[in-house]
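Only one structure is covered here, and it is reproduced in the block below.
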Amino acid sequence: MKTATLSRLLVAAQFALIGLMLFAWLAELRLSGTAVAAMVAGIALGIWTLFFNRIGNFNIRPEPRPDGHLVTSGPYRVIRHPMYTAVLLLCAAPALSGFSWYQTTCWLLLLAVLWKKSSLEEDLLRQQYPNYATYATTAGRFLPRLPWPRRT
């Protein structure tokens with residue numbers, strides 16, 4: 001499948017799952033403390049990310065902009081895809097509010113879609129930015145890397 005076609009399908013799946021989750025959640029509109037914490041964390045991470053990766057440098061599709069530049073500061077210092085993490089945190093709120101199988105399944109499907117989308121994006125970033133492979137060893141995909149003890 002062509003990259004552009006796969007890219008559009010992944011974005012469509014991402015927004016469809018977000019829409020399904022929000023539609024079902026708004027019908028119930030229950031908020032737990034954990035859901036509120038996930039929402040606040042997602043919003044804060046999204047805003048922090050936009051301070052470092054300005055609109056115009058990123059693309060909603062996984063293809064990097066030809067005139068863009070690689071951002072490795074701010075949240076990107078520890079997470080390669082902080083905006084995807086922000087989306088996952090925001091969408092965790094409906095799943096955490098009622099612990100329904102429907103919401104949890106939608107969230108897991110969204111995670112799978114964003115994982116595939118980020119994999120495609122990383123392949124393209126490696127082609128566009130020669131130092132991306134080195135950068136990817138220092139920052140986690142959706143979460144910061146844990147400092148595992150080294151073997152001696």
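Residue numbers start at 1 in each chain; chains themselves are named A, B, ... in the order of the structure tokens; ligands are numbered from 1 in the order shown.
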
task = For Thr5 (chain A), list every protein, DNA or RNA residue within 12 Å, evaluated using only C-alpha atoms, and leave out those in the same chain fewer than 4 positions away; present the list as a list in words.
result = Met1, Leu9, Leu10, Val11, Ala12, Arg61, Pro62, Glu63, Lys117 and Leu120 of chain A

task = Determine, counting only C-alpha atoms, which protein, DNA and RNA residues have an atom within 12 Å of an atom of Met83 (chain A); residues of the same chain fewer than 5 positions away are not included. Present the result as a ChimeraX atom specification.
result = /A:41-54,58-60,75-76,88-90,114,118,141-143

Create the file for the chosen residues now, containing C-alpha atoms and written as a PDB file, in the first residue's frame.
```pdb
ATOM      1  CA  ALA A  41      -2.248  15.773  31.854  1.00  0.00           C
ATOM      2  CA  GLY A  42      -3.198  15.393  28.167  1.00  0.00           C
ATOM      3  CA  ILE A  43      -4.075  19.074  27.788  1.00  0.00           C
ATOM      4  CA  ALA A  44      -0.908  20.188  29.593  1.00  0.00           C
ATOM      5  CA  LEU A  45       1.297  17.907  27.484  1.00  0.00           C
ATOM      6  CA  GLY A  46      -0.413  19.076  24.282  1.00  0.00           C
ATOM      7  CA  ILE A  47       0.133  22.750  25.134  1.00  0.00           C
ATOM      8  CA  TRP A  48       3.754  22.115  26.181  1.00  0.00           C
ATOM      9  CA  THR A  49       4.344  20.282  22.904  1.00  0.00           C
ATOM     10  CA  LEU A  50       2.981  23.207  20.869  1.00  0.00           C
ATOM     11  CA  PHE A  51       5.486  25.543  22.533  1.00  0.00           C
ATOM     12  CA  PHE A  52       8.308  23.508  20.999  1.00  0.00           C
ATOM     13  CA  ASN A  53       6.807  22.169  17.778  1.00  0.00           C
ATOM     14  CA  ARG A  54       4.969  25.119  16.324  1.00  0.00           C
ATOM     15  CA  PHE A  58       4.192  19.313  12.065  1.00  0.00           C
ATOM     16  CA  ASN A  59       1.640  17.482   9.988  1.00  0.00           C
ATOM     17  CA  ILE A  60      -1.491  15.597  11.032  1.00  0.00           C
ATOM     18  CA  PRO A  75       8.811  17.207  25.697  1.00  0.00           C
ATOM     19  CA  TYR A  76      10.584  15.794  22.632  1.00  0.00           C
ATOM     20  CA  LEU A  88      -4.012   9.004  24.330  1.00  0.00           C
ATOM     21  CA  LEU A  89      -4.249  10.707  27.731  1.00  0.00           C
ATOM     22  CA  LEU A  90      -7.269  12.775  26.665  1.00  0.00           C
ATOM     23  CA  LEU A 114      -1.205   5.608  16.760  1.00  0.00           C
ATOM     24  CA  SER A 118       4.160   6.573  14.585  1.00  0.00           C
ATOM     25  CA  ARG A 141       8.008   6.532  21.692  1.00  0.00           C
ATOM     26  CA  PHE A 142       4.993   7.514  23.842  1.00  0.00           C
ATOM     27  CA  LEU A 143       6.509   7.465  27.342  1.00  0.00           C
TER      28      LEU A 143
END
```

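Summary of the local environment: counting only C-alpha atoms, residues at most 12 Å from Arg65 (chain A), other than itself and those fewer than 6 positions away along its chain, are Ile55, Gly56, Asn57, Phe58, Asn59, Glu121, Leu124, Leu125, Gln128 and Tyr129 of chain A.
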
Store the residues picked out above in a file with N, CA and C atoms, as a PDB file, in the first residue's frame.
```
ATOM      1  N   ILE A  55       2.891  25.130  15.120  1.00  0.00           N
ATOM      2  CA  ILE A  55       2.001  24.834  14.004  1.00  0.00           C
ATOM      3  C   ILE A  55       2.706  25.298  12.730  1.00  0.00           C
ATOM      4  N   GLY A  56       2.698  24.459  11.736  1.00  0.00           N
ATOM      5  CA  GLY A  56       3.412  24.732  10.501  1.00  0.00           C
ATOM      6  C   GLY A  56       4.634  23.840  10.350  1.00  0.00           C
ATOM      7  N   ASN A  57       5.151  23.332  11.477  1.00  0.00           N
ATOM      8  CA  ASN A  57       6.292  22.417  11.417  1.00  0.00           C
ATOM      9  C   ASN A  57       5.834  20.963  11.426  1.00  0.00           C
ATOM     10  N   PHE A  58       4.662  20.697  12.010  1.00  0.00           N
ATOM     11  CA  PHE A  58       4.192  19.313  12.065  1.00  0.00           C
ATOM     12  C   PHE A  58       3.012  19.113  11.133  1.00  0.00           C
ATOM     13  N   ASN A  59       2.672  17.870  10.938  1.00  0.00           N
ATOM     14  CA  ASN A  59       1.640  17.482   9.988  1.00  0.00           C
ATOM     15  C   ASN A  59       0.716  16.488  10.675  1.00  0.00           C
ATOM     16  N   GLU A 121       5.651   7.107  10.522  1.00  0.00           N
ATOM     17  CA  GLU A 121       6.265   8.430  10.648  1.00  0.00           C
ATOM     18  C   GLU A 121       7.761   8.313  10.943  1.00  0.00           C
ATOM     19  N   LEU A 124       9.807   7.502   7.903  1.00  0.00           N
ATOM     20  CA  LEU A 124       9.970   8.686   7.057  1.00  0.00           C
ATOM     21  C   LEU A 124      10.908   9.713   7.690  1.00  0.00           C
ATOM     22  N   LEU A 125      10.865   9.838   9.008  1.00  0.00           N
ATOM     23  CA  LEU A 125      11.772  10.761   9.695  1.00  0.00           C
ATOM     24  C   LEU A 125      13.223  10.303   9.560  1.00  0.00           C
ATOM     25  N   GLN A 128      14.408  11.465   6.239  1.00  0.00           N
ATOM     26  CA  GLN A 128      14.566  12.913   6.088  1.00  0.00           C
ATOM     27  C   GLN A 128      15.661  13.489   6.987  1.00  0.00           C
ATOM     28  N   TYR A 129      15.838  12.894   8.171  1.00  0.00           N
ATOM     29  CA  TYR A 129      16.805  13.423   9.133  1.00  0.00           C
ATOM     30  C   TYR A 129      17.802  12.328   9.498  1.00  0.00           C
TER      31      TYR A 129
END
```

query = Just asking: which residues within chain A are alpha helix (DSSP H) according to DSSP, as a VMD selection string?
reply = chain A and resid 3 to 28 33 to 52 82 to 98 101 to 128 132 to 136

ask   = Quick one: residues within 7 Å of Ile18 (chain A), only C-alpha atoms counted, chain neighbours fewer than 4 positions away excluded, as number ranges by chain?
value = A: 14, 22, 91

Residues of the last selection are to be written out with N, CA and C atoms, as a PDB file, in the first residue's frame.
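The file below, again38.pdb, is the result:
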```pdb
ATOM      1  N   GLN A  14      -7.871   7.130  13.270  1.00  0.00           N
ATOM      2  CA  GLN A  14      -7.614   7.860  14.510  1.00  0.00           C
ATOM      3  C   GLN A  14      -8.796   8.752  14.865  1.00  0.00           C
ATOM      4  N   LEU A  22     -15.741   9.791  22.161  1.00  0.00           N
ATOM      5  CA  LEU A  22     -16.324  11.012  22.705  1.00  0.00           C
ATOM      6  C   LEU A  22     -17.845  11.002  22.606  1.00  0.00           C
ATOM      7  N   CYS A  91      -8.019  10.755  25.562  1.00  0.00           N
ATOM      8  CA  CYS A  91      -8.990   9.710  25.237  1.00  0.00           C
ATOM      9  C   CYS A  91      -9.056   8.630  26.306  1.00  0.00           C
TER      10      CYS A  91
END
```

inquiry  = Nearest residue to Val36 (chain A) out of A:Ala139, A:Leu17, A:Ala92, A:Leu6, using only C-alpha atoms?
reply    = A:Ala92

query = Which of these, A:Thr34, A:Asp123, A:Thr137, A:Met21, has the shortest distance to Trp101 (chain A) once you count only C-alpha atoms?
reply = A:Met21

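When CA of Val78 (chain A) is paired with CA of Arg145 (chain A), their separation reads 7.1 Å.
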
request  = Quick one: everything within 8 Å of Ala95 (chain A), counting only C-alpha atoms, minus sequence neighbours fewer than 6 positions away in the same chain. Send it as an MDAnalysis selection string.
outcome  = chainID A and resid 35 103:104 107

Filtering to C-alpha atoms, could you give me those residues as a short mmCIF file (atom, residue, chain, number, x, y, z; two decimals), in the first residue's frame?
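Contents of out-v8.cif, freshly written:
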```
data_model
loop_
_atom_site.label_atom_id
_atom_site.label_comp_id
_atom_site.auth_asym_id
_atom_site.auth_seq_id
_atom_site.Cartn_x
_atom_site.Cartn_y
_atom_site.Cartn_z
CA ALA A 35 -10.38 10.72 34.21
CA GLN A 103 -14.44 2.59 25.71
CA THR A 104 -11.48 0.44 26.68
CA TRP A 107 -8.84 3.24 23.43
#
```

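One finds CA of His69 (chain A) at 28.9 Å from CA of Met39 (chain A).
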
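Checking A:Ala112, A:Tyr135, A:Pro130, A:Ser97 one by one against Ala38 (chain A), counting only C-alpha atoms, you find the shortest gap at A:Ser97.
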